[in-house]
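This is target.txt. It holds compact mmCIF, N, CA and C atoms.
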# COMPACT_ATOMS: atom_id res chain seq x y z
N MET A 1 0.84 -1.18 0.00
CA MET A 1 0.00 0.00 0.00
C MET A 1 0.89 1.24 0.00
N THR A 2 0.62 2.15 -0.89
CA THR A 2 1.44 3.36 -0.96
C THR A 2 0.96 4.38 0.06
N THR A 3 1.77 5.42 0.21
CA THR A 3 1.43 6.47 1.18
C THR A 3 0.15 7.19 0.77
N LYS A 4 -0.06 7.36 -0.54
CA LYS A 4 -1.26 8.04 -1.01
C LYS A 4 -2.51 7.23 -0.67
N ASP A 5 -2.43 5.90 -0.81
CA ASP A 5 -3.57 5.05 -0.47
C ASP A 5 -3.89 5.13 1.02
N LYS A 6 -2.85 5.18 1.85
CA LYS A 6 -3.06 5.28 3.29
C LYS A 6 -3.69 6.62 3.65
N SER A 7 -3.25 7.69 2.98
CA SER A 7 -3.81 9.00 3.32
C SER A 7 -5.27 9.12 2.90
N ILE A 8 -5.66 8.43 1.84
CA ILE A 8 -7.07 8.44 1.43
C ILE A 8 -7.92 7.73 2.48
N TRP A 9 -7.42 6.60 3.01
CA TRP A 9 -8.16 5.88 4.05
C TRP A 9 -8.24 6.68 5.34
N ILE A 10 -7.17 7.40 5.66
CA ILE A 10 -7.20 8.25 6.85
C ILE A 10 -8.21 9.38 6.67
N LEU A 11 -8.27 9.95 5.47
CA LEU A 11 -9.25 10.99 5.18
C LEU A 11 -10.67 10.46 5.33
N ILE A 12 -10.93 9.26 4.83
CA ILE A 12 -12.26 8.66 4.94
C ILE A 12 -12.63 8.43 6.41
N VAL A 13 -11.66 7.96 7.20
CA VAL A 13 -11.92 7.75 8.64
C VAL A 13 -12.23 9.07 9.32
N PHE A 14 -11.46 10.13 8.99
CA PHE A 14 -11.73 11.45 9.57
C PHE A 14 -13.12 11.95 9.19
N LEU A 15 -13.49 11.80 7.92
CA LEU A 15 -14.81 12.28 7.48
C LEU A 15 -15.94 11.50 8.15
N LEU A 16 -15.78 10.18 8.27
CA LEU A 16 -16.81 9.38 8.94
C LEU A 16 -16.91 9.74 10.42
N ALA A 17 -15.78 9.98 11.06
CA ALA A 17 -15.80 10.39 12.47
C ALA A 17 -16.49 11.74 12.62
N GLY A 18 -16.20 12.68 11.73
CA GLY A 18 -16.87 13.98 11.77
C GLY A 18 -18.36 13.86 11.54
N LEU A 19 -18.75 12.95 10.64
CA LEU A 19 -20.17 12.71 10.37
C LEU A 19 -20.88 12.15 11.59
N VAL A 20 -20.27 11.19 12.25
CA VAL A 20 -20.90 10.55 13.42
C VAL A 20 -20.97 11.51 14.60
N VAL A 21 -19.86 12.20 14.88
CA VAL A 21 -19.85 13.13 16.02
C VAL A 21 -20.81 14.30 15.76
N GLY A 22 -20.82 14.80 14.53
CA GLY A 22 -21.75 15.88 14.19
C GLY A 22 -23.20 15.44 14.29
N GLY A 23 -23.49 14.23 13.84
CA GLY A 23 -24.85 13.71 13.95
C GLY A 23 -25.29 13.56 15.39
N LEU A 24 -24.37 13.10 16.24
CA LEU A 24 -24.67 12.98 17.67
C LEU A 24 -24.93 14.35 18.29
N LEU A 25 -24.09 15.33 17.97
CA LEU A 25 -24.30 16.67 18.49
C LEU A 25 -25.61 17.29 17.98
N GLY A 26 -25.97 16.97 16.75
CA GLY A 26 -27.24 17.45 16.21
C GLY A 26 -28.43 16.86 16.96
N LYS A 27 -28.34 15.57 17.29
CA LYS A 27 -29.42 14.95 18.07
C LYS A 27 -29.50 15.54 19.47
N LEU A 28 -28.35 15.83 20.07
CA LEU A 28 -28.35 16.43 21.40
C LEU A 28 -28.87 17.87 21.38
N ALA A 29 -28.72 18.55 20.25
CA ALA A 29 -29.15 19.95 20.15
C ALA A 29 -30.65 20.09 19.89
N GLU A 30 -31.38 18.99 19.72
CA GLU A 30 -32.82 19.06 19.46
C GLU A 30 -33.58 19.76 20.58
N GLY A 31 -33.20 19.51 21.81
CA GLY A 31 -33.94 20.07 22.93
C GLY A 31 -33.56 21.49 23.31
N VAL A 32 -32.50 22.02 22.71
CA VAL A 32 -32.03 23.37 23.05
C VAL A 32 -32.68 24.37 22.10
N PRO A 33 -33.46 25.34 22.64
CA PRO A 33 -34.20 26.25 21.77
C PRO A 33 -33.33 27.07 20.81
N SER A 34 -32.15 27.51 21.25
CA SER A 34 -31.33 28.36 20.38
C SER A 34 -30.51 27.55 19.37
N LEU A 35 -30.44 26.24 19.53
CA LEU A 35 -29.65 25.41 18.62
C LEU A 35 -30.51 24.44 17.82
N TRP A 36 -31.78 24.71 17.66
CA TRP A 36 -32.69 23.81 16.96
C TRP A 36 -32.27 23.58 15.52
N TRP A 37 -31.64 24.58 14.91
CA TRP A 37 -31.28 24.50 13.49
C TRP A 37 -30.19 23.46 13.23
N LEU A 38 -29.41 23.09 14.26
CA LEU A 38 -28.40 22.05 14.08
C LEU A 38 -29.02 20.68 13.88
N SER A 39 -30.22 20.49 14.38
CA SER A 39 -30.86 19.18 14.28
C SER A 39 -31.76 19.05 13.05
N TYR A 40 -31.82 20.09 12.21
CA TYR A 40 -32.61 20.00 10.98
C TYR A 40 -31.99 18.95 10.08
N GLU A 41 -32.76 17.92 9.71
CA GLU A 41 -32.20 16.82 8.94
C GLU A 41 -33.01 16.51 7.70
N GLN A 42 -32.34 15.88 6.77
CA GLN A 42 -32.98 15.41 5.55
C GLN A 42 -32.67 13.93 5.40
N GLN A 43 -33.66 13.18 4.98
CA GLN A 43 -33.51 11.74 4.82
C GLN A 43 -33.77 11.38 3.36
N PHE A 44 -32.88 10.56 2.79
CA PHE A 44 -33.10 10.10 1.43
C PHE A 44 -32.54 8.69 1.27
N GLY A 45 -33.06 7.98 0.32
CA GLY A 45 -32.63 6.60 0.08
C GLY A 45 -33.84 5.70 -0.13
N LEU A 46 -33.63 4.41 0.06
CA LEU A 46 -34.70 3.43 -0.06
C LEU A 46 -35.34 3.22 1.32
N SER A 47 -36.42 3.94 1.59
CA SER A 47 -37.05 3.81 2.90
C SER A 47 -37.81 2.48 3.01
N ASP A 48 -38.38 2.02 1.90
CA ASP A 48 -38.99 0.68 1.87
C ASP A 48 -37.98 -0.26 1.23
N PRO A 49 -37.61 -1.33 1.92
CA PRO A 49 -36.59 -2.22 1.37
C PRO A 49 -37.04 -2.88 0.06
N LEU A 50 -36.10 -3.06 -0.81
CA LEU A 50 -36.32 -3.76 -2.07
C LEU A 50 -35.99 -5.23 -1.85
N VAL A 51 -36.94 -6.12 -2.12
CA VAL A 51 -36.76 -7.55 -1.84
C VAL A 51 -36.68 -8.31 -3.15
N LEU A 52 -35.63 -9.10 -3.29
CA LEU A 52 -35.45 -9.98 -4.44
C LEU A 52 -35.61 -11.41 -3.95
N ASP A 53 -36.73 -12.04 -4.34
CA ASP A 53 -37.04 -13.40 -3.89
C ASP A 53 -36.80 -14.37 -5.04
N LEU A 54 -35.80 -15.24 -4.89
CA LEU A 54 -35.47 -16.21 -5.94
C LEU A 54 -35.87 -17.63 -5.55
N SER A 55 -36.79 -17.74 -4.64
CA SER A 55 -37.31 -19.00 -4.14
C SER A 55 -36.31 -19.75 -3.27
N VAL A 56 -35.07 -19.84 -3.67
CA VAL A 56 -34.05 -20.49 -2.87
C VAL A 56 -33.32 -19.48 -2.01
N LEU A 57 -33.23 -18.26 -2.52
CA LEU A 57 -32.47 -17.20 -1.87
C LEU A 57 -33.32 -15.93 -1.86
N LYS A 58 -33.36 -15.28 -0.72
CA LYS A 58 -34.11 -14.04 -0.60
C LYS A 58 -33.14 -12.94 -0.16
N ILE A 59 -33.03 -11.88 -0.98
CA ILE A 59 -32.11 -10.78 -0.72
C ILE A 59 -32.91 -9.51 -0.51
N THR A 60 -32.57 -8.77 0.53
CA THR A 60 -33.24 -7.51 0.84
C THR A 60 -32.23 -6.38 0.74
N PHE A 61 -32.57 -5.37 -0.07
CA PHE A 61 -31.73 -4.20 -0.24
C PHE A 61 -32.40 -3.00 0.42
N GLY A 62 -31.63 -2.22 1.15
CA GLY A 62 -32.16 -1.01 1.76
C GLY A 62 -31.02 -0.12 2.21
N LEU A 63 -31.14 1.16 1.93
CA LEU A 63 -30.11 2.11 2.32
C LEU A 63 -30.77 3.47 2.51
N VAL A 64 -30.59 4.04 3.70
CA VAL A 64 -31.17 5.34 4.02
C VAL A 64 -30.09 6.23 4.62
N PHE A 65 -29.98 7.44 4.11
CA PHE A 65 -29.06 8.44 4.65
C PHE A 65 -29.86 9.49 5.40
N LYS A 66 -29.44 9.78 6.61
CA LYS A 66 -30.04 10.86 7.40
C LYS A 66 -28.93 11.84 7.74
N ILE A 67 -28.97 13.00 7.11
CA ILE A 67 -27.92 14.00 7.30
C ILE A 67 -28.54 15.24 7.93
N ASN A 68 -27.91 15.72 9.02
CA ASN A 68 -28.38 16.96 9.62
C ASN A 68 -27.30 18.03 9.48
N VAL A 69 -27.63 19.24 9.84
CA VAL A 69 -26.72 20.38 9.67
C VAL A 69 -25.45 20.17 10.50
N ALA A 70 -25.58 19.65 11.70
CA ALA A 70 -24.42 19.44 12.56
C ALA A 70 -23.47 18.39 11.97
N SER A 71 -23.99 17.38 11.29
CA SER A 71 -23.11 16.39 10.68
C SER A 71 -22.33 16.97 9.51
N ILE A 72 -22.94 17.89 8.77
CA ILE A 72 -22.22 18.56 7.69
C ILE A 72 -21.11 19.44 8.27
N ILE A 73 -21.41 20.15 9.35
CA ILE A 73 -20.40 20.97 10.02
C ILE A 73 -19.28 20.07 10.57
N GLY A 74 -19.63 18.92 11.11
CA GLY A 74 -18.65 17.97 11.62
C GLY A 74 -17.72 17.47 10.52
N MET A 75 -18.27 17.21 9.33
CA MET A 75 -17.44 16.78 8.21
C MET A 75 -16.49 17.89 7.76
N ILE A 76 -16.95 19.13 7.77
CA ILE A 76 -16.10 20.25 7.38
C ILE A 76 -14.96 20.43 8.39
N VAL A 77 -15.29 20.33 9.68
CA VAL A 77 -14.26 20.44 10.72
C VAL A 77 -13.26 19.29 10.59
N ALA A 78 -13.73 18.08 10.31
CA ALA A 78 -12.83 16.93 10.14
C ALA A 78 -11.90 17.14 8.95
N LEU A 79 -12.40 17.71 7.88
CA LEU A 79 -11.57 17.99 6.70
C LEU A 79 -10.50 19.03 7.03
N ILE A 80 -10.87 20.06 7.79
CA ILE A 80 -9.90 21.09 8.18
C ILE A 80 -8.83 20.49 9.09
N VAL A 81 -9.24 19.65 10.05
CA VAL A 81 -8.27 19.01 10.95
C VAL A 81 -7.34 18.09 10.16
N TYR A 82 -7.88 17.36 9.19
CA TYR A 82 -7.06 16.47 8.36
C TYR A 82 -6.00 17.28 7.59
N LYS A 83 -6.41 18.41 7.02
CA LYS A 83 -5.47 19.22 6.25
C LYS A 83 -4.40 19.84 7.16
N LYS A 84 -4.76 20.19 8.39
CA LYS A 84 -3.79 20.75 9.34
C LYS A 84 -2.78 19.69 9.76
N LEU A 85 -3.22 18.42 9.94
CA LEU A 85 -2.33 17.35 10.36
C LEU A 85 -1.43 16.86 9.23
N LYS A 86 -1.88 17.00 8.02
CA LYS A 86 -1.11 16.51 6.88
C LYS A 86 -0.07 17.47 6.49
This structure in structure tokens:
Amino acid sequence: MTTKDKSIWILIVFLLAGLVVGGLLGKLAEGVPSLWWLSYEQQFGLSDPLVLDLSVLKITFGLVFKINVASIIGMIVALIVYKKLK
């Protein structure tokens, strides 16, 4: 694995961590009146699972993304931290 491949994986880990921490902070901000806008979220994807039944094998596909404002801010902060560390 080259150094460039490793840095891409580190970037992905940073972005996912920023997404998770931001999403958590957005959920915690729901009850705070002045921070309600951080918990504004949008959901998209397959809300009803797609089922492929082949009689012998049954496969269910489903994927839903729930992104709130705080998770977007968390991803931006993670990107800035990654660039500072690199």
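The space between atom CA of A:Gly18 and atom CA of A:Leu46 spans 23.9 Å.
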* Got a sec: who's within 8 Å of A:Val77, counting all atoms listed in the file, leaving out chain neighbours fewer than 6 positions off, as a PyMOL selection string? -> chain A and resi 14-15+18+71+83
Selection above as a file: N, CA and C atoms, as a tab-separated table (two decimals), in the coordinates of the input:
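Saved result, selection_0.tsv, follows:
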chain	number	residue	atom	x	y	z
A	14	PHE	N	-11.46	10.13	8.99
A	14	PHE	CA	-11.73	11.45	9.57
A	14	PHE	C	-13.12	11.95	9.19
A	15	LEU	N	-13.49	11.80	7.92
A	15	LEU	CA	-14.81	12.28	7.48
A	15	LEU	C	-15.94	11.50	8.15
A	18	GLY	N	-16.20	12.68	11.73
A	18	GLY	CA	-16.87	13.98	11.77
A	18	GLY	C	-18.36	13.86	11.54
A	71	SER	N	-23.99	17.38	11.29
A	71	SER	CA	-23.11	16.39	10.68
A	71	SER	C	-22.33	16.97	9.51
A	83	LYS	N	-6.41	18.41	7.02
A	83	LYS	CA	-5.47	19.22	6.25
A	83	LYS	C	-4.40	19.84	7.16
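As for atom CA of A:Ile10 and atom N of A:Tyr82, they are spaced 9.4 Å apart.
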* To do: Can you pull out every residue within 6 Å of stretch 25-42 of chain A, counting all atoms listed in the file, but drop anything in the same chain fewer than 2 positions away, and send it as a PyMOL selection string?
  => chain A and resi 20-23+44+65-71
* Selected residue, from A:Lys84, A:Gln43, A:Leu19, A:Leu50, that lies nearest to A:Val64 when counting all atoms listed in the file -> A:Gln43
* Step one, run DSSP on the backbone; step two, keep only residues of chain A assigned to helix (DSSP H, G or I); then write them as a PyMOL selection string. => chain A and resi 3-31+33-39+69-85
* List every residue of stretch 12-74 of chain A that DSSP, applied to the backbone of this structure, places in strand (DSSP E or B), and write the result as a ChimeraX atom specification. => /A:41-45,50-53,58-61,64-68
Based on the selection just made, write N, CA and C atoms of those residues as an mmCIF file, keeping the file's coordinate frame.
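Result file follows (result-v4.cif):
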data_model
loop_
_atom_site.group_PDB
_atom_site.id
_atom_site.type_symbol
_atom_site.label_atom_id
_atom_site.label_comp_id
_atom_site.auth_asym_id
_atom_site.auth_seq_id
_atom_site.Cartn_x
_atom_site.Cartn_y
_atom_site.Cartn_z
ATOM 1 N N GLU A 41 -32.760 17.920 9.710
ATOM 2 C CA GLU A 41 -32.200 16.820 8.940
ATOM 3 C C GLU A 41 -33.010 16.510 7.700
ATOM 4 N N GLN A 42 -32.340 15.880 6.770
ATOM 5 C CA GLN A 42 -32.980 15.410 5.550
ATOM 6 C C GLN A 42 -32.670 13.930 5.400
ATOM 7 N N GLN A 43 -33.660 13.180 4.980
ATOM 8 C CA GLN A 43 -33.510 11.740 4.820
ATOM 9 C C GLN A 43 -33.770 11.380 3.360
ATOM 10 N N PHE A 44 -32.880 10.560 2.790
ATOM 11 C CA PHE A 44 -33.100 10.100 1.430
ATOM 12 C C PHE A 44 -32.540 8.690 1.270
ATOM 13 N N GLY A 45 -33.060 7.980 0.320
ATOM 14 C CA GLY A 45 -32.630 6.600 0.080
ATOM 15 C C GLY A 45 -33.840 5.700 -0.130
ATOM 16 N N LEU A 50 -36.100 -3.060 -0.810
ATOM 17 C CA LEU A 50 -36.320 -3.760 -2.070
ATOM 18 C C LEU A 50 -35.990 -5.230 -1.850
ATOM 19 N N VAL A 51 -36.940 -6.120 -2.120
ATOM 20 C CA VAL A 51 -36.760 -7.550 -1.840
ATOM 21 C C VAL A 51 -36.680 -8.310 -3.150
ATOM 22 N N LEU A 52 -35.630 -9.100 -3.290
ATOM 23 C CA LEU A 52 -35.450 -9.980 -4.440
ATOM 24 C C LEU A 52 -35.610 -11.410 -3.950
ATOM 25 N N ASP A 53 -36.730 -12.040 -4.340
ATOM 26 C CA ASP A 53 -37.040 -13.400 -3.890
ATOM 27 C C ASP A 53 -36.800 -14.370 -5.040
ATOM 28 N N LYS A 58 -33.360 -15.280 -0.720
ATOM 29 C CA LYS A 58 -34.110 -14.040 -0.600
ATOM 30 C C LYS A 58 -33.140 -12.940 -0.160
ATOM 31 N N ILE A 59 -33.030 -11.880 -0.980
ATOM 32 C CA ILE A 59 -32.110 -10.780 -0.720
ATOM 33 C C ILE A 59 -32.910 -9.510 -0.510
ATOM 34 N N THR A 60 -32.570 -8.770 0.530
ATOM 35 C CA THR A 60 -33.240 -7.510 0.840
ATOM 36 C C THR A 60 -32.230 -6.380 0.740
ATOM 37 N N PHE A 61 -32.570 -5.370 -0.070
ATOM 38 C CA PHE A 61 -31.730 -4.200 -0.240
ATOM 39 C C PHE A 61 -32.400 -3.000 0.420
ATOM 40 N N VAL A 64 -30.590 4.040 3.700
ATOM 41 C CA VAL A 64 -31.170 5.340 4.020
ATOM 42 C C VAL A 64 -30.090 6.230 4.620
ATOM 43 N N PHE A 65 -29.980 7.440 4.110
ATOM 44 C CA PHE A 65 -29.060 8.440 4.650
ATOM 45 C C PHE A 65 -29.860 9.490 5.400
ATOM 46 N N LYS A 66 -29.440 9.780 6.610
ATOM 47 C CA LYS A 66 -30.040 10.860 7.400
ATOM 48 C C LYS A 66 -28.930 11.840 7.740
ATOM 49 N N ILE A 67 -28.970 13.000 7.110
ATOM 50 C CA ILE A 67 -27.920 14.000 7.300
ATOM 51 C C ILE A 67 -28.540 15.240 7.930
ATOM 52 N N ASN A 68 -27.910 15.720 9.020
ATOM 53 C CA ASN A 68 -28.380 16.960 9.620
ATOM 54 C C ASN A 68 -27.300 18.030 9.480
#
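Interatomic distance, atom CA of A:Asp5 to atom CA of A:Lys86: 13.8 Å.
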Take every atom of stretch 30-49 of chain A listed in the file, pad by 8 Å on each side, and give me the axis-aligned box centre and edge lengths in Å, one decimal, as JSON.
{"center_x": -33.7, "center_y": 12.7, "center_z": 11.6, "size_x": 26.6, "size_y": 47.2, "size_z": 39.4}
